[in-house]
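As provided, protein32.pdb (PDB, C-alpha atoms and all ligand atoms) reads as follows.
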```pdb
ATOM      1  CA  MET M   1       0.000   0.000   0.000
ATOM      2  CA  ASN M   2       0.818   3.694  -0.518
ATOM      3  CA  ALA M   3       4.208   4.060   1.232
ATOM      4  CA  ALA M   4       4.543   7.235  -0.825
ATOM      5  CA  LEU M   5       1.640   8.910   0.969
ATOM      6  CA  GLY M   6       3.450  11.425   3.190
ATOM      7  CA  GLU M   7       2.655  12.281   6.813
ATOM      8  CA  ILE M   8       0.627  15.398   5.953
ATOM      9  CA  GLY M   9      -1.429  13.627   3.271
ATOM     10  CA  LEU M  10      -2.029  10.700   5.612
ATOM     11  CA  LEU M  11      -2.989  12.982   8.498
ATOM     12  CA  ASP M  12      -5.392  14.962   6.335
ATOM     13  CA  GLY M  13      -7.035  11.770   5.045
ATOM     14  CA  PHE M  14      -7.247  10.273   8.534
ATOM     15  CA  GLU M  15      -8.836  13.379  10.036
ATOM     16  CA  ARG M  16     -11.478  13.385   7.299
ATOM     17  CA  ALA M  17     -12.139   9.651   7.751
ATOM     18  CA  LEU M  18     -12.587  10.159  11.513
ATOM     19  CA  ILE M  19     -14.934  13.146  11.115
ATOM     20  CA  ASN M  20     -16.963  11.550   8.317
ATOM     21  CA  ASN M  21     -17.335   8.221  10.111
ATOM     22  CA  ARG M  22     -15.408   6.312   7.472
ATOM     23  CA  LEU M  23     -13.376   4.221   9.935
ATOM     24  CA  HIS M  24     -14.852   0.961  11.076
ATOM     25  CA  MET M  25     -14.174  -1.710  13.684
ATOM     26  CA  VAL M  26     -13.624  -5.424  13.161
ATOM     27  CA  TYR M  27     -13.639  -7.985  15.970
ATOM     28  CA  GLN M  28     -11.328 -10.956  16.518
ATOM     29  CA  PRO M  29     -12.506 -13.783  18.790
ATOM     30  CA  LYS M  30     -10.440 -14.877  21.817
ATOM     31  CA  VAL M  31     -11.285 -18.444  22.798
ATOM     32  CA  SER M  32     -10.808 -20.622  25.867
ATOM     33  CA  LEU M  33      -8.021 -23.126  25.205
ATOM     34  CA  ASP M  34      -9.778 -25.487  27.569
ATOM     35  CA  ASP M  35     -13.037 -25.970  25.676
ATOM     36  CA  GLY M  36     -12.950 -23.512  22.769
ATOM     37  CA  ALA M  37     -15.668 -21.265  24.264
ATOM     38  CA  LEU M  38     -15.748 -17.664  23.044
ATOM     39  CA  MET M  39     -14.300 -15.579  25.902
ATOM     40  CA  ARG M  40     -14.309 -12.140  24.274
ATOM     41  CA  VAL M  41     -13.674 -10.276  21.061
ATOM     42  CA  GLU M  42     -10.861  -7.792  20.470
ATOM     43  CA  ALA M  43     -11.957  -4.649  18.640
ATOM     44  CA  LEU M  44      -9.496  -3.552  15.918
ATOM     45  CA  VAL M  45      -9.901  -0.366  13.919
ATOM     46  CA  ARG M  46      -9.854  -0.342  10.101
ATOM     47  CA  TRP M  47      -9.432   2.497   7.616
ATOM     48  CA  ASP M  48     -10.224   1.765   3.960
ATOM     49  CA  ASP M  49      -9.512   4.953   2.051
ATOM     50  CA  PRO M  50     -11.360   5.269  -1.299
ATOM     51  CA  GLN M  51      -8.223   6.732  -2.908
ATOM     52  CA  HIS M  52      -5.343   5.033  -1.117
ATOM     53  CA  GLY M  53      -6.815   1.653  -0.225
ATOM     54  CA  SER M  54      -6.528  -0.034   3.126
ATOM     55  CA  ILE M  55      -4.166   1.654   5.605
ATOM     56  CA  ALA M  56      -2.816  -0.370   8.559
ATOM     57  CA  PRO M  57      -3.538   0.752  12.146
ATOM     58  CA  SER M  58       0.178   0.348  12.872
ATOM     59  CA  ARG M  59       0.564   3.353  10.552
ATOM     60  CA  PHE M  60      -2.310   5.639  11.484
ATOM     61  CA  VAL M  61      -2.628   4.988  15.258
ATOM     62  CA  PRO M  62       0.898   6.382  15.919
ATOM     63  CA  LEU M  63       0.012   9.260  13.564
ATOM     64  CA  ALA M  64      -3.118  10.012  15.612
ATOM     65  CA  GLU M  65      -0.932   9.910  18.738
ATOM     66  CA  ARG M  66       1.583  12.360  17.286
ATOM     67  CA  HIS M  67      -1.043  14.846  16.127
ATOM     68  CA  GLY M  68      -3.440  15.060  19.059
ATOM     69  CA  LEU M  69      -6.192  12.916  17.498
ATOM     70  CA  ILE M  70      -5.819   9.821  19.647
ATOM     71  CA  ASP M  71      -8.503  10.758  22.193
ATOM     72  CA  SER M  72     -11.027  11.304  19.398
ATOM     73  CA  LEU M  73     -10.090   7.931  17.882
ATOM     74  CA  THR M  74     -10.315   6.172  21.251
ATOM     75  CA  GLN M  75     -13.714   7.657  22.059
ATOM     76  CA  TRP M  76     -15.127   6.955  18.611
ATOM     77  CA  GLY M  77     -13.800   3.363  18.731
ATOM     78  CA  LEU M  78     -15.070   2.673  22.228
ATOM     79  CA  ARG M  79     -18.543   4.080  21.526
ATOM     80  CA  THR M  80     -18.758   2.031  18.319
ATOM     81  CA  THR M  81     -17.628  -1.139  20.131
ATOM     82  CA  LEU M  82     -20.032  -0.690  23.059
ATOM     83  CA  ARG M  83     -22.936  -0.120  20.640
ATOM     84  CA  GLN M  84     -21.900  -3.260  18.799
ATOM     85  CA  TRP M  85     -21.935  -5.224  22.053
ATOM     86  CA  LEU M  86     -25.561  -4.125  22.544
ATOM     87  CA  SER M  87     -26.635  -5.320  19.127
ATOM     88  CA  TRP M  88     -24.934  -8.699  19.659
ATOM     89  CA  ARG M  89     -26.642  -9.017  23.038
ATOM     90  CA  THR M  90     -29.996  -8.186  21.478
ATOM     91  CA  ALA M  91     -29.271 -10.967  18.964
ATOM     92  CA  GLY M  92     -28.597 -13.392  21.852
ATOM     93  CA  LEU M  93     -24.767 -13.275  22.139
ATOM     94  CA  ASP M  94     -23.536 -11.951  25.493
ATOM     95  CA  THR M  95     -19.757 -11.803  25.167
ATOM     96  CA  CYS M  96     -16.954  -9.615  26.577
ATOM     97  CA  LEU M  97     -14.964  -6.927  24.815
ATOM     98  CA  ALA M  98     -11.245  -6.234  24.566
ATOM     99  CA  PHE M  99     -10.349  -2.731  23.482
ATOM    100  CA  ASN M 100      -6.880  -1.314  22.678
ATOM    101  CA  ILE M 101      -6.048   1.895  24.507
ATOM    102  CA  SER M 102      -3.107   4.116  23.713
ATOM    103  CA  ALA M 103      -1.117   4.961  26.840
ATOM    104  CA  LEU M 104      -1.537   8.616  25.807
ATOM    105  CA  SER M 105      -5.301   8.455  26.410
ATOM    106  CA  LEU M 106      -4.587   7.213  29.943
ATOM    107  CA  GLN M 107      -2.791  10.377  30.878
ATOM    108  CA  HIS M 108      -6.079  12.115  31.755
ATOM    109  CA  LEU M 109      -7.036  11.164  35.297
ATOM    110  CA  ASP M 110     -10.746  11.519  34.443
ATOM    111  CA  PHE M 111     -10.527   8.988  31.590
ATOM    112  CA  PRO M 112     -11.772   6.036  33.737
ATOM    113  CA  ASP M 113     -14.871   8.118  34.649
ATOM    114  CA  LEU M 114     -15.491   8.846  30.984
ATOM    115  CA  VAL M 115     -15.249   5.145  30.086
ATOM    116  CA  GLU M 116     -17.579   4.230  32.940
ATOM    117  CA  ARG M 117     -20.099   6.891  31.817
ATOM    118  CA  MET M 118     -19.961   5.548  28.268
ATOM    119  CA  CYS M 119     -20.627   2.004  29.522
ATOM    120  CA  ARG M 120     -23.496   3.181  31.756
ATOM    121  CA  GLY M 121     -24.956   5.336  28.974
ATOM    122  CA  LEU M 122     -25.158   2.330  26.679
ATOM    123  CA  ASP M 123     -26.095  -0.141  29.415
ATOM    124  CA  VAL M 124     -22.947  -2.273  29.038
ATOM    125  CA  PRO M 125     -21.781  -3.749  32.400
ATOM    126  CA  THR M 126     -18.199  -2.581  33.077
ATOM    127  CA  ASP M 127     -17.077  -6.148  33.837
ATOM    128  CA  ARG M 128     -17.634  -6.993  30.167
ATOM    129  CA  LEU M 129     -14.752  -4.702  29.188
ATOM    130  CA  VAL M 130     -10.988  -5.377  29.191
ATOM    131  CA  LEU M 131      -8.571  -2.666  28.087
ATOM    132  CA  GLU M 132      -5.403  -3.801  26.308
ATOM    133  CA  LEU M 133      -2.303  -1.677  26.926
ATOM    134  CA  THR M 134       1.154  -1.752  25.387
ATOM    135  CA  GLU M 135       4.231  -0.389  27.026
ATOM    136  CA  GLY M 136       5.876   2.255  24.845
ATOM    137  CA  ALA M 137       9.325   3.837  24.917
ATOM    138  CA  THR M 138       8.010   7.232  25.928
ATOM    139  CA  GLN M 139       4.957   6.235  27.950
ATOM    140  CA  PRO M 140       5.940   4.002  30.889
ATOM    141  CA  LEU M 141       2.802   2.390  32.276
ATOM    142  CA  VAL M 142       4.095   2.566  35.841
ATOM    143  CA  LYS M 143       3.442   6.326  35.757
ATOM    144  CA  LEU M 144      -0.234   5.558  35.073
ATOM    145  CA  MET M 145      -0.776   3.571  38.253
ATOM    146  CA  ASP M 146      -3.546   5.883  39.565
ATOM    147  CA  THR M 147      -5.538   5.745  36.355
ATOM    148  CA  LEU M 148      -5.139   1.982  36.024
ATOM    149  CA  THR M 149      -6.260   1.428  39.611
ATOM    150  CA  ARG M 150      -9.372   3.530  38.947
ATOM    151  CA  PHE M 151     -10.305   1.244  36.057
ATOM    152  CA  ARG M 152      -9.983  -1.846  38.253
ATOM    153  CA  ILE M 153     -12.118  -0.281  40.986
ATOM    154  CA  LYS M 154     -14.825   0.164  38.357
ATOM    155  CA  GLY M 155     -14.615  -3.536  37.428
ATOM    156  CA  ILE M 156     -12.883  -2.960  34.085
ATOM    157  CA  GLY M 157     -10.149  -5.533  33.257
ATOM    158  CA  LEU M 158      -6.604  -4.646  32.137
ATOM    159  CA  ALA M 159      -4.431  -6.700  29.804
ATOM    160  CA  ILE M 160      -0.778  -6.085  29.060
ATOM    161  CA  ASP M 161      -0.357  -6.575  25.308
ATOM    162  CA  ASP M 162       2.635  -7.880  23.297
ATOM    163  CA  PHE M 163       4.219  -9.169  26.495
ATOM    164  CA  GLY M 164       7.805 -10.377  26.238
ATOM    165  CA  THR M 165       8.965  -7.973  23.541
ATOM    166  CA  GLY M 166       9.627  -4.255  23.455
ATOM    167  CA  TYR M 167       9.489  -2.455  26.738
ATOM    168  CA  SER M 168       7.253  -4.676  28.844
ATOM    169  CA  SER M 169       8.932  -5.776  32.064
ATOM    170  CA  LEU M 170       8.405  -8.069  35.001
ATOM    171  CA  MET M 171       8.287  -5.042  37.297
ATOM    172  CA  GLN M 172       5.072  -3.856  35.668
ATOM    173  CA  LEU M 173       3.412  -7.186  36.307
ATOM    174  CA  ARG M 174       4.209  -6.900  39.969
ATOM    175  CA  GLN M 175       3.296  -3.237  40.371
ATOM    176  CA  LEU M 176       0.290  -2.706  38.122
ATOM    177  CA  PRO M 177      -3.217  -4.121  38.555
ATOM    178  CA  PHE M 178      -3.333  -6.260  35.402
ATOM    179  CA  THR M 179      -5.814  -9.099  34.962
ATOM    180  CA  GLU M 180      -4.364 -10.640  31.788
ATOM    181  CA  VAL M 181      -1.019 -11.113  30.031
ATOM    182  CA  LYS M 182      -1.003 -11.423  26.240
ATOM    183  CA  ILE M 183       2.128 -13.253  25.102
ATOM    184  CA  ASP M 184       3.514 -11.657  21.969
ATOM    185  CA  ARG M 185       2.852 -13.637  18.822
ATOM    186  CA  PHE M 186       6.570 -13.780  17.991
ATOM    187  CA  PHE M 187       7.029 -16.341  20.800
ATOM    188  CA  ILE M 188       3.974 -18.360  19.756
ATOM    189  CA  ALA M 189       5.270 -18.603  16.177
ATOM    190  CA  ASP M 190       8.736 -19.566  17.393
ATOM    191  CA  ALA M 191       7.856 -21.925  20.238
ATOM    192  CA  THR M 192       6.951 -25.005  18.148
ATOM    193  CA  HIS M 193      10.464 -25.213  16.702
ATOM    194  CA  ASN M 194      12.661 -23.307  19.151
ATOM    195  CA  ARG M 195      13.284 -24.687  22.625
ATOM    196  CA  ASP M 196      14.301 -21.304  24.085
ATOM    197  CA  SER M 197      11.045 -19.647  22.986
ATOM    198  CA  ARG M 198       9.132 -22.602  24.421
ATOM    199  CA  VAL M 199      10.876 -22.114  27.764
ATOM    200  CA  ILE M 200      10.048 -18.392  27.683
ATOM    201  CA  VAL M 201       6.357 -19.012  26.875
ATOM    202  CA  LYS M 202       6.087 -21.577  29.685
ATOM    203  CA  ALA M 203       7.776 -19.162  32.111
ATOM    204  CA  ILE M 204       5.381 -16.313  31.172
ATOM    205  CA  ILE M 205       2.352 -18.596  31.575
ATOM    206  CA  ASP M 206       3.539 -19.805  35.003
ATOM    207  CA  LEU M 207       4.353 -16.257  36.042
ATOM    208  CA  ALA M 208       0.897 -15.068  34.963
ATOM    209  CA  HIS M 209      -0.774 -17.883  36.901
ATOM    210  CA  GLY M 210       1.420 -17.269  39.945
ATOM    211  CA  LEU M 211       0.190 -13.677  39.961
ATOM    212  CA  GLY M 212      -3.438 -14.715  39.413
ATOM    213  CA  LEU M 213      -3.598 -13.450  35.816
ATOM    214  CA  THR M 214      -5.046 -14.967  32.654
ATOM    215  CA  ALA M 215      -2.367 -16.055  30.138
ATOM    216  CA  THR M 216      -3.368 -15.433  26.517
ATOM    217  CA  ALA M 217      -1.488 -16.702  23.459
ATOM    218  CA  GLU M 218      -1.671 -14.254  20.527
ATOM    219  CA  GLY M 219      -1.265 -15.119  16.863
ATOM    220  CA  VAL M 220      -2.111 -18.847  17.022
ATOM    221  CA  GLU M 221      -1.986 -19.905  13.373
ATOM    222  CA  THR M 222      -1.445 -23.684  13.310
ATOM    223  CA  ILE M 223      -2.754 -26.853  14.927
ATOM    224  CA  GLU M 224       0.762 -27.505  16.320
ATOM    225  CA  GLN M 225       0.834 -24.097  17.998
ATOM    226  CA  LEU M 226      -2.620 -24.721  19.476
ATOM    227  CA  ALA M 227      -1.559 -28.129  20.844
ATOM    228  CA  LEU M 228       1.607 -26.648  22.368
ATOM    229  CA  MET M 229      -0.205 -23.706  23.994
ATOM    230  CA  ARG M 230      -2.719 -26.117  25.538
ATOM    231  CA  GLU M 231       0.125 -28.338  26.757
ATOM    232  CA  LEU M 232       1.973 -25.365  28.276
ATOM    233  CA  GLY M 233      -1.203 -24.297  30.086
ATOM    234  CA  ALA M 234      -2.188 -21.051  28.314
ATOM    235  CA  ASP M 235      -5.792 -20.110  29.162
ATOM    236  CA  VAL M 236      -6.941 -18.176  26.111
ATOM    237  CA  GLY M 237      -5.944 -18.194  22.432
ATOM    238  CA  GLN M 238      -6.391 -15.736  19.618
ATOM    239  CA  GLY M 239      -5.243 -15.983  16.022
ATOM    240  CA  TYR M 240      -5.975 -16.843  12.433
ATOM    241  CA  LEU M 241      -6.402 -20.557  13.275
ATOM    242  CA  PHE M 242      -9.645 -19.654  15.052
ATOM    243  CA  ALA M 243     -10.687 -16.535  13.160
ATOM    244  CA  GLN M 244      -9.448 -13.479  11.319
ATOM    245  CA  PRO M 245     -10.788 -10.169  12.647
ATOM    246  CA  LEU M 246     -14.474 -10.369  11.650
ATOM    247  CA  GLU M 247     -17.085  -7.926  10.434
ATOM    248  CA  PRO M 248     -19.736  -7.504  13.177
ATOM    249  CA  SER M 249     -22.409  -9.458  11.297
ATOM    250  CA  ASP M 250     -20.036 -12.434  10.874
ATOM    251  CA  LEU M 251     -19.474 -13.081  14.590
ATOM    252  CA  ILE M 252     -22.638 -15.055  15.397
ATOM    253  CA  PRO M 253     -22.378 -17.331  12.309
ATOM    254  CA  TRP M 254     -18.652 -17.830  13.143
ATOM    255  CA  ALA M 255     -19.517 -18.863  16.721
ATOM    256  CA  ALA M 256     -21.879 -21.580  15.454
ATOM    257  CA  ARG M 257     -19.254 -22.969  13.026
ATOM    258  CA  HIS M 258     -16.455 -22.698  15.580
ATOM    259  CA  THR M 259     -18.201 -24.916  18.138
ATOM    260  CA  ARG M 260     -18.232 -27.770  15.595
ATOM    261  CA  ARG M 261     -14.711 -27.046  14.302
ATOM    262  CA  TRP M 262     -13.093 -26.916  17.773
ATOM    263  CA  LYS M 263     -13.420 -30.680  18.258
ATOM    264  CA  MET M 264     -11.434 -31.268  15.082
ATOM    265  CA  LEU M 265      -8.806 -28.669  15.997
ATOM    266  CA  VAL M 266      -8.008 -30.433  19.263
ATOM    267  CA  ASN M 267      -8.335 -33.948  17.757
ATOM    268  CA  PRO M 268      -7.026 -33.289  14.266
ATOM    269  CA  PRO M 269      -6.878 -35.898  11.507
ATOM    270  CA  ALA M 270      -3.411 -37.488  11.193
ATOM    271  CA  GLU M 271      -3.252 -36.884   7.468
ATOM    272  CA  SER M 272      -1.375 -33.670   6.646
ATOM    273  CA  THR M 273      -3.539 -32.502   3.700
ATOM    274  CA  MET M 274      -6.633 -32.709   5.934
ATOM    275  CA  ARG M 275      -4.827 -30.758   8.657
ATOM    276  CA  ARG M 276      -3.823 -28.008   6.255
ATOM    277  CA  ARG M 277      -7.400 -27.796   5.007
ATOM    278  CA  LEU M 278      -8.629 -27.494   8.593
ATOM    279  CA  GLU M 279      -6.112 -24.710   9.315
ATOM    280  CA  GLY M 280      -7.221 -22.865   6.186
ATOM    281  CA  ALA M 281     -10.917 -23.186   7.003
ATOM    282  CA  ALA M 282     -10.977 -20.244   9.415
ATOM    283  CA  LEU M 283      -9.660 -17.970   6.677
ATOM    284  CA  ALA M 284     -12.399 -18.830   4.201
TER     285      ALA M 284
HETATM  286  P1  LIG R 301      -2.486  -5.808  18.632
HETATM  287  O1  LIG R 301      -3.323  -5.163  19.680
HETATM  288  O2  LIG R 301      -1.357  -6.670  19.076
HETATM  289  O3  LIG R 301      -3.514  -6.610  17.716
HETATM  290  C1  LIG R 301      -3.260  -7.851  17.138
HETATM  291  C2  LIG R 301      -2.825  -7.705  15.704
HETATM  292  O4  LIG R 301      -2.423  -8.976  15.200
HETATM  293  C3  LIG R 301      -3.956  -7.248  14.788
HETATM  294  O5  LIG R 301      -3.360  -6.486  13.729
HETATM  295  C4  LIG R 301      -4.496  -8.576  14.242
HETATM  296  O6  LIG R 301      -5.181  -8.434  13.017
HETATM  297  C5  LIG R 301      -3.204  -9.352  14.091
HETATM  298  N1  LIG R 301      -3.396 -10.804  14.196
HETATM  299  C6  LIG R 301      -4.370 -11.476  14.821
HETATM  300  N2  LIG R 301      -4.198 -12.811  14.735
HETATM  301  C7  LIG R 301      -3.060 -12.993  14.018
HETATM  302  C8  LIG R 301      -2.353 -14.164  13.584
HETATM  303  O7  LIG R 301      -2.738 -15.304  13.839
HETATM  304  N3  LIG R 301      -1.211 -13.941  12.878
HETATM  305  C9  LIG R 301      -0.760 -12.691  12.562
HETATM  306  N4  LIG R 301       0.359 -12.583  11.855
HETATM  307  N5  LIG R 301      -1.404 -11.574  12.965
HETATM  308  C10 LIG R 301      -2.551 -11.726  13.683
HETATM  309  P2  LIG R 301      -3.960  -5.064  13.304
HETATM  310  O8  LIG R 301      -5.457  -5.101  13.311
HETATM  311  O9  LIG R 301      -3.247  -4.669  12.045
HETATM  312  O10 LIG R 301      -3.527  -4.117  14.486
HETATM  313  C11 LIG R 301      -2.181  -3.783  14.706
HETATM  314  C12 LIG R 301      -2.031  -3.017  15.993
HETATM  315  O11 LIG R 301      -2.643  -1.714  15.893
HETATM  316  C13 LIG R 301      -2.706  -3.677  17.180
HETATM  317  O12 LIG R 301      -1.856  -4.693  17.650
HETATM  318  C14 LIG R 301      -2.883  -2.507  18.131
HETATM  319  O13 LIG R 301      -1.677  -2.246  18.819
HETATM  320  C15 LIG R 301      -3.141  -1.357  17.165
HETATM  321  N6  LIG R 301      -4.603  -1.124  17.094
HETATM  322  C16 LIG R 301      -5.540  -1.748  16.340
HETATM  323  N7  LIG R 301      -6.764  -1.214  16.561
HETATM  324  C17 LIG R 301      -6.595  -0.227  17.484
HETATM  325  C18 LIG R 301      -7.481   0.696  18.131
HETATM  326  O14 LIG R 301      -8.718   0.710  17.920
HETATM  327  N8  LIG R 301      -6.922   1.582  19.028
HETATM  328  C19 LIG R 301      -5.572   1.577  19.303
HETATM  329  N9  LIG R 301      -5.095   2.461  20.192
HETATM  330  N10 LIG R 301      -4.714   0.712  18.716
HETATM  331  C20 LIG R 301      -5.217  -0.177  17.816
HETATM  332 CA    CA R 302      -4.323  -5.774  21.461
HETATM  333 CA    CA R 303      -0.708  -7.885  20.696
END
```
Represent the supplied structure as structure tokens.
Ligand code: C2E
Ligand code: CA
Ligand code: CA
Amino acid sequence: MNAALGEIGLLDGFERALINNRLHMVYQPKVSLDDGALMRVEALVRWDDPQHGSIAPSRFVPLAERHGLIDSLTQWGLRTTLRQWLSWRTAGLDTCLAFNISALSLQHLDFPDLVERMCRGLDVPTDRLVLELTEGATQPLVKLMDTLTRFRIKGIGLAIDDFGTGYSSLMQLRQLPFTEVKIDRFFIADATHNRDSRVIVKAIIDLAHGLGLTATAEGVETIEQLALMRELGADVGQGYLFAQPLEPSDLIPWAARHTRRWKMLVNPPAESTMRRRLEGAALA
């Protein structure tokens, strides 16, 4: 896509997309590795520009952070996601939500009150919401202790994202009131063929459990990775093996198919062509 589109052009396009409601959210299921049950869905923002095509959030979220638009993006995304939860509930699916929050949005001490008001306003119980946070170079999460504690008091869960890479540290796990650790997908991809990564994944899972936290494996793409994560004791899995990020109307039909498919994922056919077909089925 459009690497040539410069910062100013991108910023201008993004601002217009935000104002004109041309962003949208997709939702990726997170499933129990015990029985395959849908635990929650992670909301991920998408921007499909009519001129420049699809632009990755890894490009425009940092742009929004740099140019003072991140709070508007966060509030738009959260409102959209909470409204979506209501329409799923009306259709008979009562799930939980995971929502990515930029550490910049957490710098306002009144942000937890705003999130709580948004939940109340739309009648979404706060315990259905988990916020996913990533440690950044310039935004140490430890400085946000007060804000994070306020979220927990309100019943909102907190996950540390991309754990094991970048800036995340063991100190944060001890000091901050997290409820979930998401193990970075680099380790999940590596662990089936690299003993060191396997040792690291096992250590993170045990550490999470020792601290009373849920251990989630991100980026599960193959039957072998699923089997290993179950063996190592991870609680929750997320990745293309189960589902790509889905359009809202696809979630309920996915859930019905997934219940049947789970049994085959955990007891896969021995024959390799059948296994590959099964792995590809979630992408169809
Ligand atoms: P993340 O929070 O770590 O989200 C997971 C990313 O991994 C998503 O990319 C998802 O599509 C992708 N993914 C999921 N399963 C697999 C898999 O099995 N294999 C591989 N290779 N990738 C997988 P996406 O949607 O491009 O998002 C990238 C990042 O942008 C996110 O990483 C998150 O940090 C940020 N982001 C996305 N939506 C939002 C948002 O609404 N607000 C904020 N602040 N950040 C967002
Ligand atoms: Ca995330
Ligand atoms: Ca992640």
Practice task
Output the neighbourhood of ligand CA 302 (chain R) as a VMD selection string, that is, all protein and nucleic acid residues with some atom at most 6 Å from the ligand, counting only C-alpha atoms and all ligand atoms.
Solution key: chain M and resid 100 132 161
Handout entry: Contacts of stretch 230-240 of chain M at 8 Å (all atoms listed in the file; same-chain gap of 6+ positions) as a ChimeraX atom specification
Key = /M:28-34,39,201-202,205,214-221,282-283
Handout entry: Surroundings of ligand CA 303 (chain R) up to 8 Å, based on all atoms listed in the file, as a ChimeraX atom specification
Key = /M:134,161-163,182-185,218
Problem - Selected residue of minimal separation from ligand LIG 301 (chain R) among M:Thr74, M:Thr95, M:Asn20, M:Gln84, counting only C-alpha atoms and all ligand atoms - result: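 Closest to ligand LIG 301 (chain R), using only C-alpha atoms and all ligand atoms: M:Thr74.
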Problem - Picked residues, the PyMOL selection byres (((chain M and resi 127) around 12) and not hetatm), expected as a PyMOL selection string - result: chain M and resi 40+95-98+116+119-120+123-126+128-131+151-158+179
Exercise for the section: Kindly resolve the PyMOL selection byres (((chain M and resi 266) around 12) and not hetatm) on the present coordinates and return the residues as number ranges by chain. Expected result: M: 33-36, 222-231, 241-242, 259-265, 267-270, 275, 278-279
Exercise for the section: Name the residues that the PyMOL selection byres (((chain M and resi 66) around 12) and not hetatm) picks from the file above, as a ChimeraX atom specification, using the file's chain letters and numbers. Expected result: /M:7-8,11,59-65,67-71,102,104,138
Problem - Distance criterion (all atoms listed in the file): nearest to ligand LIG 301 (chain R) out of M:Ala208, M:Ala255, M:Met145, M:Val26 - result: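 For ligand LIG 301 (chain R), the nearest of the candidates is M:Val26.
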Starting from 3 Å padding per side, set up an axis-aligned box that covers all listed atoms of stretch 122-126 of chain M and hand over centre and edge lengths in Å, one decimal, as lines of an AutoDock Vina configuration file.
```
center_x = -22.1
center_y = -0.7
center_z = 29.9
size_x = 13.9
size_y = 12.1
size_z = 12.4
```
Practice task
Kindly give the distance, in Å, that separates atom CA of M:Ile101 and atom CA of M:Ile200, rounded to a single decimal.
Solution key: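 Separation between atom CA of M:Ile101 and atom CA of M:Ile200: 26.1 Å.
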Handout entry: Which residue of M:His52, M:Arg89, M:Arg257, M:Arg22 approaches M:Gly9 most closely, using only C-alpha atoms
Key = M:His52
Handout entry: Straight-line distance linking atom CA of M:Ser169 with atom CA of M:Gly210, stated in Å to one decimal
Key = 15.8 Å
Exercise for the section: Using only C-alpha atoms, find the one residue out of M:Gln244, M:Asn21, M:Ser249, M:Gln172 that sits nearest to M:Leu44. Expected result: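 Of M:Gln244, M:Asn21, M:Ser249, M:Gln172, the one nearest M:Leu44 is M:Gln244, counting only C-alpha atoms.
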Handout entry: Closest of M:Asp196, M:Asp146, M:Asp12, M:Glu135 to ligand LIG 301 (chain R) - atom-to-atom distances counting all atoms listed in the file
Key =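 Closest to ligand LIG 301 (chain R) of all the choices is M:Glu135.
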Handout entry: Closest of M:Ala91, M:Ala203, M:Val45, M:Leu148 to ligand LIG 301 (chain R) - atom-to-atom distances counting all atoms listed in the file
Key = M:Val45
Problem - Separation of atom CA of M:Tyr27 from atom CA of M:Ala43 in Å - result: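 It comes out at 4.6 Å.
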Problem - Sel. within 10 Å of pt (1.1, 7.1, 33.8), counting only C-alpha atoms, output as a list of chain:residue names - result: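 Residues found, by chain and rising number: M:Ala103, M:Leu104, M:Ser105, M:Leu106, M:Gln107, M:His108, M:Leu109, M:Gln139, M:Pro140, M:Leu141, M:Val142, M:Lys143, M:Leu144, M:Met145, M:Asp146, M:Thr147, M:Leu148.
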Exercise for the section: Excluding M:Arg198 and any residue of its chain fewer than 6 positions from it, enumerate the residues within 10 Å of it, using all atoms listed in the file, and give them as number ranges by chain. Expected result: M: 187-192, 204, 228-229, 232
